[in-house]
Amino acid sequence: MGEVRIGVYICHCGKNIGGVINPSRVAEFASKLPNVVVARDYMYMCSSPGQMLIEEDIKRHNLNRVIVAACSPRMHEPTFQGVLKKAGLNPWLLEMVNIREHVTWVHEDVPDKAEEKAKELVYAAVMRAQHLYEITIHRLPVVKSALVIGGGIAGIRAALDLANAGIKVYLVEKKQSIGGKMAQLDKTFPTLDCSKCILTPLMVDVARHPNITIYAYSEVVDVSGSAGDFKVKVRLKPTYVDWSKCTGCGYCTERCPARAPREFDEGLGTRKAIYFDFPQAVPRRPVIDPKYCLWFTKGICRACEKLCPVGAIDFNQKDRYIELNVGAIIVATGYELYDMTKLREYGYGKYKNVITGLQLERLSDADGPTKGKIVRLSDGKEPETVAIVLCAGSRDEKHVRYCCRFGCAAAIKHVYYVKHSVPEAKVFVLYTDIRAFGKGYEEFYQRLRGMDDVYFIRGRPAEIFEAKDGSLIFDVFDSNTGQLLSIKADLVVLESAVVPPKDWESLRRMLKISCDPGGFALELHPKLRPFETTADGIFLAGAIQGPKDIPDTVAHAAAAAAAAIGFLSKGEVESTPYLAVVNEDLCSGCGLCASVCPFDAIEIKEEGGRRIAKVNVIRCKGCGACAATCPSGAMQQNYFTDTQIVSEVSALAGGAK
Amino acid sequence: MGERFEPRIVVFACNWCSYAGIDLAGVSRIKYPHNVRIVKVMCSGRVHPEMVLKALVDGADGVLITGCHPGDCHYISGNYKTMRRYLLLRKLLRQLGLEERVRLEWISASEGDRWAKVATDFVEHIRRLGPLRLKEVMSAE
Amino acid sequence: MVKVLLYLGCTIPTKQYAYEISARNVLPRLGVELVEFPEAGCCGFPLKGINKNAWIYMSARILSLASMRNLPILALCNGCDTSLRKIKTLLNEDESLRKYMAKLLANEGIELHTDVEVYHVVDLLHDVVGVNKIKELVKKPLTGIKIASYPGCHLLRPSDIPRPEDSVDPRKFDNLLSALGASVGYYPDKGGCCGATMLPYSAKYALRVVAGKIKNIKEFNFDAVSTSCPYCMEMLDAKQDAARSEVGDESISIPVFYLTQLIGLAIGLSPKELGLSLNLSPVEGVLEKLGVSLSG
């Protein structure tokens with residue numbers, strides 16, 4: 001840059017600084033320092049005339065460094081950087097000295113010491129400024145499209161909001177149909193809406209939206225790139241049906257002779273080997289399950305192929321891979337129920353009449369295995385007594401520590417299901433606390449608690465046994481009344497603990513998102529930024545961030561979409577000014593820098609027969625950990641190079657000359 | 001002479017937590033000794049032990065390294081590196097009899113009053129230890 | 001051939017003689033050599049609610065004495081087995097407790113050692129001798145007899161120390177009975193307490209527990225019950241009559257045998273060799289089915 005020409009400006013900040021020290025004396029001191037061409041003091045440096053003063057000086061005196069001693073840089077650094085920009089100087093040739101928050105506001109009682117300190121800080125800034133250099137911000141165009149992983153209500157809401165904002169959306173869903181858990185529910189609390197009735201219109205909106213492409217029966221297998229420019233590899237699993245030819249008539253599913261357990265019914269009902277997840281499936285294109293298909297297992301049948309009016313069956317299909325290029329990713333992979341067989345004392349999996357709340361939803365659903373009748377699984381008879389056990393696995397040191405959040409409301413809803421299906425039934429709700437926090441939840445609770453033959457017992461059964469007739473017997477201590485009760489129930493419903501999906505771990509690592517102690521995705525801030533992650537451009541929607549009910553999921557997903565829209569609409573993504581930069585001549589490719597980078601922003605690449613560290617300018621967030629770790633000094637940090645820092649440190653340690 | 005020894009303390013403060021905490025002490029007008037000189041870094045993880053040693057060699061009587069509380073680092077893990085480097089540095093300084101002159105403290109953006117206390121304690125601590133005069137000793141050789 | 005120190009505890013030599021009689025006659029025939037262990041006293045189990053350190057001391061003493069003999073311990077009683085294993089775990093985990101006990105034992109001239117294997121009849125026979133070996137020795141299979149295994153709560157719990165049986169789904173006892181040719185099966189609350197510890201201060205409720213247990217078992221069509229603990233036997237067998245009167249239900253009546261007595265019958269021993277005349281529950285019916293007479 002040639003000759004260093006520094007302008008120093010001491011602000012009075014009214015009486016804030018000027019009332020404790022003498023700024024003109026500091027300016028006079030500064031004028032004698034190395035390479036200082038002009039030094040002034042002024043009442044309000046940040047005011048219009050104050051800024052003009054600097055701008056004019058830059059032009060008049062050909063300044064190429066500016067030092068402003070005033071308030072904290074956290075207050076006005078951008079202001080003064082703007083002045084430099086306006087005057088045609090690179091904004092990072094500015095140095096601010098904090099003589100208000102760090103000097104005059106805290107050392108009022110010793111004004112002479114305060115002034116001495118102010119002078120020393122200015123001196124150190126002048127020594128540091130000798131080594132400042134121009135910093136370029138890298139701007140990369142953002143790809144104006146988004147990937148939504150997971151097609152439950154969270155993914156659906158986020159996809160619609162993004163698409164409506166004009167952004168191209170790719171929605172990847174691992175199952176045959178979108179809809180998620182909400183599609184498996186019969187009704188939703190507290191309104192008792194039919195769940196599928198409020199969900200399916202949104203599913204259809206997604207299918208019809210010109211900006212949304214659904215990849216169902218698919219999964220994300222690789223993610224690379226950085227915010228604004230992600231490259232995502234998606235595996236389209238073989239459905240053995242050519243979905244481009246298929247019309248969704250469903251004839252194949254009617255005629256298939258093979259049966260399989262129906263996952264949608266949580267193992268209670270059956271489906272065919274060629275199937276839709278449920279009748280209102282989106283996309284309405286079936287899938288063949290090779291584990292049960294007679295052609296795959298025994299080499300016979302192929303009825304679907306013979307019957308398909310458009311010849312869409314293709315037994316030779318293989319995995320297909322596509323690559324998507326997106327600017328933002330929304331993770332909406334939802335939750336799973338904790339494995340109830342782990343609660344060995346409750347006999348789930350051993351005793352036929354112990355079921356989960358989700359299984360009860362399937363029994364209650366008209367599309368379910370019993371066409372909506374709630375019955376005992378052992379003999380198909382209507383239950384006379386039903387016991388609903390809350391917090392099964394939740395709030396438990398041995399299983400899952402946290403609360404599942406929607407269990408209480410679900411249990412109250414399940415009381416309704418049972419009383420609606422079997423009006424004379426006795427229902428016991430065995431609870432730890434009733435958390436009816438949402439809008440309308442308390443009223444819903446009071447209403448159902450007041451029904452005849454509905455008993456809310458504050459206690460947890462210790463061990464459940466099976467009687468000869470398949471009913472369940474157990475003791476429970478009701479801490480409300482101090483009584484030990486012995487209950488015989490025809491059906492026991494466990495409101496299970498909620499955990500992140502089993503296969504979430506590999507996706508999480510691909511995206512480089514941290515997780516919380518429960519395994520859920522870690523948000524940037526639990527109160528203020530629950531839908532963002534430390535990874536730029538990656539947002540969280542729904543229960544993957546923590547158990548939630550539907551209203552909270554929808555709000556969370558909409559927030560994630562809004563944040564993604566904001567991110568994408570800027571059109572560009574900027575690198576941090578405090579970027580890590582490699583002096584390639586000095587770099588030996590040892591890789592220590594890459595190992596300490598929290599953002600995986602450094603790659604060691606082979607180039608010209610050598611190994612060199614390469615910084616991804618978008619992934620780098622400017623922490624400087626790599627620079628501190630580099631053994632050769634090859635890695636430096638813009639605006640915080642070793643030379644810059646050490647010159648400041650040395651000047652402060654030695655005192656002003 | 002009868003003049004009281006005034007320690008010279010260099011402080012490394014991270015932009016997101018400690019520097020903000022020190023600003024807060026200023027905004028709250030909490031008084032603390034003038035002897036501290038703040039060096040801003042983006043993250044305490046930027047601080048290399050050599051910088052700490054340079055401060056001592058060039059005239060500082062004591063050095064304070066401040067950063068975000070563990071778990072709160074804006075860059076996720078920078079302060080963990082600081083912690084590890086500091087422990088090694090202390091071991092080295094112990095051999096030179098200097099470990100009392102360098103201290104690591106976590107200051108969050110809301111801990112203005114804590115900063116004032118930390119600064120006051122450390123300045124008094126160094127005052128009791130007396131001047132280091134490493135610079136003079138080294139230039140005499 | 002496995003060699004073990006026969007540890008009888010306190011209840012067996014004073015009240016439940018049939019267990020000792022049947023064990024002494026049956027176990028050697030299964031390849032278990034029983035070595036006398038007269039220097040071992042009470043395991044301290046009855047004391048544990050009154051003075052924990054006394055309990056720990058008494059079991060620690062037994063473990064140390066066994067270590068000096070360099071042989072594993074075979075406990076016949078569930079309570080003894082639990083005590084020994086619990087104290088073994090405690091002393092391995094708590095350094096200061098171990099030092100304290102070592103000091104106390106030194107007063108007796110005993111060096112504290114806890115590296116001794118502790119067995120109960122159920123896991124010794126199932127895991128060491130093996131179900132197949134026992135099957136081979138069966139001469140008079142207990143065919144057509146449905147036997148409810150009653151392992152006893154201390155065989156299953158507490159689950160944070162090694163126990164012979166799984167705390168929620170105990171199988172070993174049933175496997176042993178199956179090896180004898182008997183049929184086995186589920187009934188609710190198999191691992192529940194027999195009420196023995198309640199007996200001293202709340203006899204009424206303890207007896208009701210016994211009655212409830214027998215009622216459950218009968219509901220599931222079992223012909224007999226088998227147990228492996230003298231306390232359980234005391235409750236289910238000796239106190240059966242009292243339980244029946246307490247609840248006023250004549251159907252509370254079922255034969256109760258020690259596991260060792262049933263093994264003895266299956267391998268062809270006589271009722272006299274198994275102390276069967278000492279059982280207070282109505283065992284004649286089952287013995288008749290097996291073609292055996294009590295006086296034989």
# chains A, B, ... in the order shown; residues from 1 in each chain; ligands from 1
call {"tool": "residues_around", "arguments": {"residues": "segment 235-251 of chain C", "least_positions_apart": "5", "cutoff": "9 Å", "atoms": "only C-alpha atoms", "output": "ChimeraX atom specification"}}
result
/C:194-196,199,204,206-211,213-215,218,225,227,230,256-257,279-282
call {"tool": "write_last_selection", "arguments": {"atoms": "N, CA and C atoms", "output": "PDB file, in the first residue's frame"}}
result
ATOM      1  N   CYS C 194     -43.455 -62.830  48.910  1.00  0.00           N
ATOM      2  CA  CYS C 194     -44.297 -63.835  49.571  1.00  0.00           C
ATOM      3  C   CYS C 194     -44.882 -63.295  50.855  1.00  0.00           C
ATOM      4  N   GLY C 195     -44.463 -62.139  51.307  1.00  0.00           N
ATOM      5  CA  GLY C 195     -45.007 -61.537  52.533  1.00  0.00           C
ATOM      6  C   GLY C 195     -44.226 -61.887  53.783  1.00  0.00           C
ATOM      7  N   ALA C 196     -43.136 -62.642  53.649  1.00  0.00           N
ATOM      8  CA  ALA C 196     -42.403 -63.110  54.829  1.00  0.00           C
ATOM      9  C   ALA C 196     -41.934 -61.967  55.721  1.00  0.00           C
ATOM     10  N   LEU C 199     -44.596 -60.573  57.959  1.00  0.00           N
ATOM     11  CA  LEU C 199     -45.223 -61.456  58.941  1.00  0.00           C
ATOM     12  C   LEU C 199     -45.079 -60.994  60.397  1.00  0.00           C
ATOM     13  N   LYS C 204     -51.745 -60.312  59.396  1.00  0.00           N
ATOM     14  CA  LYS C 204     -52.991 -60.353  58.631  1.00  0.00           C
ATOM     15  C   LYS C 204     -52.740 -60.129  57.150  1.00  0.00           C
ATOM     16  N   ALA C 206     -49.853 -60.130  55.577  1.00  0.00           N
ATOM     17  CA  ALA C 206     -48.909 -61.094  55.017  1.00  0.00           C
ATOM     18  C   ALA C 206     -49.652 -62.345  54.560  1.00  0.00           C
ATOM     19  N   LEU C 207     -50.584 -62.802  55.382  1.00  0.00           N
ATOM     20  CA  LEU C 207     -51.335 -64.008  55.017  1.00  0.00           C
ATOM     21  C   LEU C 207     -52.221 -63.758  53.812  1.00  0.00           C
ATOM     22  N   ARG C 208     -52.746 -62.532  53.720  1.00  0.00           N
ATOM     23  CA  ARG C 208     -53.584 -62.219  52.554  1.00  0.00           C
ATOM     24  C   ARG C 208     -52.753 -62.241  51.279  1.00  0.00           C
ATOM     25  N   VAL C 209     -51.502 -61.816  51.396  1.00  0.00           N
ATOM     26  CA  VAL C 209     -50.608 -61.877  50.232  1.00  0.00           C
ATOM     27  C   VAL C 209     -50.458 -63.324  49.787  1.00  0.00           C
ATOM     28  N   VAL C 210     -50.248 -64.213  50.755  1.00  0.00           N
ATOM     29  CA  VAL C 210     -50.093 -65.642  50.438  1.00  0.00           C
ATOM     30  C   VAL C 210     -51.343 -66.168  49.764  1.00  0.00           C
ATOM     31  N   ALA C 211     -52.491 -65.812  50.342  1.00  0.00           N
ATOM     32  CA  ALA C 211     -53.750 -66.299  49.778  1.00  0.00           C
ATOM     33  C   ALA C 211     -53.919 -65.809  48.355  1.00  0.00           C
ATOM     34  N   LYS C 213     -51.660 -64.974  46.238  1.00  0.00           N
ATOM     35  CA  LYS C 213     -50.699 -65.642  45.367  1.00  0.00           C
ATOM     36  C   LYS C 213     -51.218 -67.019  44.967  1.00  0.00           C
ATOM     37  N   ILE C 214     -51.686 -67.771  45.957  1.00  0.00           N
ATOM     38  CA  ILE C 214     -52.159 -69.126  45.664  1.00  0.00           C
ATOM     39  C   ILE C 214     -53.384 -69.066  44.763  1.00  0.00           C
ATOM     40  N   LYS C 215     -54.224 -68.070  44.990  1.00  0.00           N
ATOM     41  CA  LYS C 215     -55.428 -67.946  44.166  1.00  0.00           C
ATOM     42  C   LYS C 215     -55.054 -67.710  42.709  1.00  0.00           C
ATOM     43  N   LYS C 218     -53.724 -70.917  41.210  1.00  0.00           N
ATOM     44  CA  LYS C 218     -54.771 -71.895  40.926  1.00  0.00           C
ATOM     45  C   LYS C 218     -55.600 -71.504  39.719  1.00  0.00           C
ATOM     46  N   VAL C 225     -46.780 -75.811  43.423  1.00  0.00           N
ATOM     47  CA  VAL C 225     -45.878 -74.664  43.409  1.00  0.00           C
ATOM     48  C   VAL C 225     -44.507 -75.145  43.825  1.00  0.00           C
ATOM     49  N   THR C 227     -40.596 -73.712  45.171  1.00  0.00           N
ATOM     50  CA  THR C 227     -39.855 -72.542  45.607  1.00  0.00           C
ATOM     51  C   THR C 227     -38.415 -72.910  45.938  1.00  0.00           C
ATOM     52  N   PRO C 230     -36.225 -70.659  51.907  1.00  0.00           N
ATOM     53  CA  PRO C 230     -36.920 -71.116  53.118  1.00  0.00           C
ATOM     54  C   PRO C 230     -37.987 -70.137  53.604  1.00  0.00           C
ATOM     55  N   VAL C 256     -46.935 -77.485  47.878  1.00  0.00           N
ATOM     56  CA  VAL C 256     -45.747 -76.660  47.678  1.00  0.00           C
ATOM     57  C   VAL C 256     -44.509 -77.502  47.938  1.00  0.00           C
ATOM     58  N   PHE C 257     -43.563 -77.465  47.001  1.00  0.00           N
ATOM     59  CA  PHE C 257     -42.331 -78.260  47.129  1.00  0.00           C
ATOM     60  C   PHE C 257     -41.105 -77.371  47.000  1.00  0.00           C
ATOM     61  N   ASN C 279     -43.303 -81.272  54.759  1.00  0.00           N
ATOM     62  CA  ASN C 279     -44.108 -80.251  54.055  1.00  0.00           C
ATOM     63  C   ASN C 279     -45.491 -80.207  54.672  1.00  0.00           C
ATOM     64  N   LEU C 280     -45.983 -79.016  54.955  1.00  0.00           N
ATOM     65  CA  LEU C 280     -47.285 -78.903  55.609  1.00  0.00           C
ATOM     66  C   LEU C 280     -48.423 -78.752  54.606  1.00  0.00           C
ATOM     67  N   SER C 281     -48.089 -78.471  53.363  1.00  0.00           N
ATOM     68  CA  SER C 281     -49.152 -78.339  52.359  1.00  0.00           C
ATOM     69  C   SER C 281     -49.509 -79.734  51.849  1.00  0.00           C
ATOM     70  N   PRO C 282     -50.663 -79.879  51.225  1.00  0.00           N
ATOM     71  CA  PRO C 282     -51.153 -81.219  50.825  1.00  0.00           C
ATOM     72  C   PRO C 282     -50.404 -81.803  49.633  1.00  0.00           C
TER      73      PRO C 282
END
call {"tool": "closest_atom_pairs", "arguments": {"of": "chain C", "to": "chain A", "cutoff": "12 Å", "atoms": "only C-alpha atoms", "output": "JSON lines"}}
result
{"residue": "C:Asp166", "atom": "CA", "partner": "A:Arg344", "partner_atom": "CA", "distance": 10.9}
{"residue": "C:Ser167", "atom": "CA", "partner": "A:Glu345", "partner_atom": "CA", "distance": 9.3}
{"residue": "C:Val168", "atom": "CA", "partner": "A:Glu345", "partner_atom": "CA", "distance": 6.4}
{"residue": "C:Asp169", "atom": "CA", "partner": "A:Arg344", "partner_atom": "CA", "distance": 8.4}
{"residue": "C:Gly185", "atom": "CA", "partner": "A:Lys468", "partner_atom": "CA", "distance": 11.7}
{"residue": "C:Tyr186", "atom": "CA", "partner": "A:Glu466", "partner_atom": "CA", "distance": 9.0}
{"residue": "C:Tyr187", "atom": "CA", "partner": "A:Ala467", "partner_atom": "CA", "distance": 7.6}
{"residue": "C:Pro188", "atom": "CA", "partner": "A:Phe465", "partner_atom": "CA", "distance": 5.0}
{"residue": "C:Asp189", "atom": "CA", "partner": "A:Phe465", "partner_atom": "CA", "distance": 6.3}
{"residue": "C:Lys190", "atom": "CA", "partner": "A:Phe465", "partner_atom": "CA", "distance": 9.2}
{"residue": "C:Gly191", "atom": "CA", "partner": "A:Glu463", "partner_atom": "CA", "distance": 10.2}
{"residue": "C:Gly192", "atom": "CA", "partner": "A:Glu463", "partner_atom": "CA", "distance": 9.9}
{"residue": "C:Lys215", "atom": "CA", "partner": "A:Ala467", "partner_atom": "CA", "distance": 11.7}
{"residue": "C:Asn216", "atom": "CA", "partner": "A:Ala467", "partner_atom": "CA", "distance": 8.5}
{"residue": "C:Ile217", "atom": "CA", "partner": "A:Lys468", "partner_atom": "CA", "distance": 10.3}
{"residue": "C:Lys218", "atom": "CA", "partner": "A:Lys468", "partner_atom": "CA", "distance": 10.7}
{"residue": "C:Glu219", "atom": "CA", "partner": "A:Lys468", "partner_atom": "CA", "distance": 7.2}
{"residue": "C:Phe220", "atom": "CA", "partner": "A:Lys468", "partner_atom": "CA", "distance": 6.6}
{"residue": "C:Asn221", "atom": "CA", "partner": "A:Lys468", "partner_atom": "CA", "distance": 9.8}
call {"tool": "residues_around", "arguments": {"residues": "Thr270 of chain A", "least_positions_apart": "5", "cutoff": "7 Å", "atoms": "only C-alpha atoms", "output": "list in words"}}
result
Arg259, Ala260, Pro261 and Arg262 of chain A
call {"tool": "closest_atom_pairs", "arguments": {"of": "segment 3-85 of chain A", "to": "segment 25-42 of chain B", "cutoff": "12 Å", "atoms": "only C-alpha atoms", "output": "CSV"}}
result
residue,atom,partner,partner_atom,distance
A:Asn16,CA,B:Val27,CA,10.9
A:Cys71,CA,B:Gly26,CA,10.1
A:Ser72,CA,B:Gly26,CA,9.6
A:Pro73,CA,B:Lys40,CA,10.1
A:Arg74,CA,B:Lys40,CA,11.1
A:Met75,CA,B:Val27,CA,11.7
call {"tool": "atom_distance", "arguments": {"atom1": "atom CA of Tyr338 of chain A", "atom2": "atom CA of Leu358 of chain A"}}
result
11.6 Å
call {"tool": "select_by_dssp", "arguments": {"residues": "segment 90-209 of chain A", "states": "helix (DSSP H, G or I)", "output": "ChimeraX atom specification"}}
result
/A:91-93,100-104,111-129,153-164,180-184,195-208
call {"tool": "closest_atom_pairs", "arguments": {"of": "chain A", "to": "chain B", "cutoff": "6 Å", "atoms": "only C-alpha atoms", "output": "JSON lines"}}
result
{"residue": "A:Glu101", "atom": "CA", "partner": "B:Gly26", "partner_atom": "CA", "distance": 4.1}
{"residue": "A:His102", "atom": "CA", "partner": "B:Gly26", "partner_atom": "CA", "distance": 5.9}
{"residue": "A:Trp105", "atom": "CA", "partner": "B:Gly26", "partner_atom": "CA", "distance": 5.4}
{"residue": "A:Val106", "atom": "CA", "partner": "B:Lys31", "partner_atom": "CA", "distance": 4.6}
{"residue": "A:Cys623", "atom": "CA", "partner": "B:Cys43", "partner_atom": "CA", "distance": 5.4}
{"residue": "A:Gly624", "atom": "CA", "partner": "B:Arg46", "partner_atom": "CA", "distance": 4.8}
{"residue": "A:Ala625", "atom": "CA", "partner": "B:Gly45", "partner_atom": "CA", "distance": 5.0}
{"residue": "A:Ala628", "atom": "CA", "partner": "B:Arg46", "partner_atom": "CA", "distance": 5.2}
{"residue": "A:Val649", "atom": "CA", "partner": "B:Ala55", "partner_atom": "CA", "distance": 5.9}
{"residue": "A:Ser650", "atom": "CA", "partner": "B:Asp58", "partner_atom": "CA", "distance": 5.7}
{"residue": "A:Ala653", "atom": "CA", "partner": "B:Ala60", "partner_atom": "CA", "distance": 4.5}
{"residue": "A:Gly654", "atom": "CA", "partner": "B:Gly59", "partner_atom": "CA", "distance": 4.7}
call {"tool": "write_last_selection", "arguments": {"atoms": "N, CA, C and O atoms", "output": "PDB file, in the first residue's frame"}}
result
ATOM      1  N   GLU A 101     -16.831   3.696  27.086  1.00  0.00           N
ATOM      2  CA  GLU A 101     -17.236   2.566  27.938  1.00  0.00           C
ATOM      3  C   GLU A 101     -16.055   2.006  28.732  1.00  0.00           C
ATOM      4  O   GLU A 101     -16.218   1.535  29.854  1.00  0.00           O
ATOM      5  N   HIS A 102     -14.862   2.036  28.085  1.00  0.00           N
ATOM      6  CA  HIS A 102     -13.721   1.405  28.732  1.00  0.00           C
ATOM      7  C   HIS A 102     -12.833   2.383  29.489  1.00  0.00           C
ATOM      8  O   HIS A 102     -11.890   1.968  30.151  1.00  0.00           O
ATOM      9  N   TRP A 105     -16.167   6.411  31.296  1.00  0.00           N
ATOM     10  CA  TRP A 105     -17.338   6.016  32.069  1.00  0.00           C
ATOM     11  C   TRP A 105     -16.993   5.202  33.298  1.00  0.00           C
ATOM     12  O   TRP A 105     -17.847   4.992  34.159  1.00  0.00           O
ATOM     13  N   VAL A 106     -15.764   4.679  33.377  1.00  0.00           N
ATOM     14  CA  VAL A 106     -15.423   3.844  34.532  1.00  0.00           C
ATOM     15  C   VAL A 106     -14.268   4.385  35.364  1.00  0.00           C
ATOM     16  O   VAL A 106     -13.973   3.860  36.430  1.00  0.00           O
ATOM     17  N   CYS A 623     -13.680 -17.079  13.500  1.00  0.00           N
ATOM     18  CA  CYS A 623     -13.372 -17.173  14.928  1.00  0.00           C
ATOM     19  C   CYS A 623     -11.883 -17.049  15.189  1.00  0.00           C
ATOM     20  O   CYS A 623     -11.474 -16.575  16.239  1.00  0.00           O
ATOM     21  N   GLY A 624     -11.058 -17.503  14.251  1.00  0.00           N
ATOM     22  CA  GLY A 624      -9.615 -17.392  14.398  1.00  0.00           C
ATOM     23  C   GLY A 624      -8.954 -18.566  15.078  1.00  0.00           C
ATOM     24  O   GLY A 624      -7.742 -18.556  15.301  1.00  0.00           O
ATOM     25  N   ALA A 625      -9.707 -19.601  15.398  1.00  0.00           N
ATOM     26  CA  ALA A 625      -9.112 -20.750  16.092  1.00  0.00           C
ATOM     27  C   ALA A 625      -8.007 -21.386  15.253  1.00  0.00           C
ATOM     28  O   ALA A 625      -6.972 -21.807  15.773  1.00  0.00           O
ATOM     29  N   ALA A 628      -4.758 -19.430  15.419  1.00  0.00           N
ATOM     30  CA  ALA A 628      -4.033 -19.638  16.669  1.00  0.00           C
ATOM     31  C   ALA A 628      -3.359 -20.999  16.681  1.00  0.00           C
ATOM     32  O   ALA A 628      -2.347 -21.206  17.331  1.00  0.00           O
ATOM     33  N   VAL A 649      -0.688  -5.560  21.359  1.00  0.00           N
ATOM     34  CA  VAL A 649      -0.317  -6.098  22.678  1.00  0.00           C
ATOM     35  C   VAL A 649       0.992  -5.480  23.163  1.00  0.00           C
ATOM     36  O   VAL A 649       1.116  -5.037  24.308  1.00  0.00           O
ATOM     37  N   SER A 650       1.942  -5.445  22.265  1.00  0.00           N
ATOM     38  CA  SER A 650       3.262  -4.921  22.634  1.00  0.00           C
ATOM     39  C   SER A 650       3.168  -3.465  23.051  1.00  0.00           C
ATOM     40  O   SER A 650       3.766  -3.036  24.053  1.00  0.00           O
ATOM     41  N   ALA A 653       1.510  -3.261  26.414  1.00  0.00           N
ATOM     42  CA  ALA A 653       2.349  -3.802  27.486  1.00  0.00           C
ATOM     43  C   ALA A 653       3.474  -2.831  27.839  1.00  0.00           C
ATOM     44  O   ALA A 653       3.817  -2.658  29.010  1.00  0.00           O
ATOM     45  N   GLY A 654       4.006  -2.184  26.813  1.00  0.00           N
ATOM     46  CA  GLY A 654       5.153  -1.312  27.050  1.00  0.00           C
ATOM     47  C   GLY A 654       4.782   0.093  27.468  1.00  0.00           C
ATOM     48  O   GLY A 654       5.588   0.807  28.052  1.00  0.00           O
TER      49      GLY A 654
END
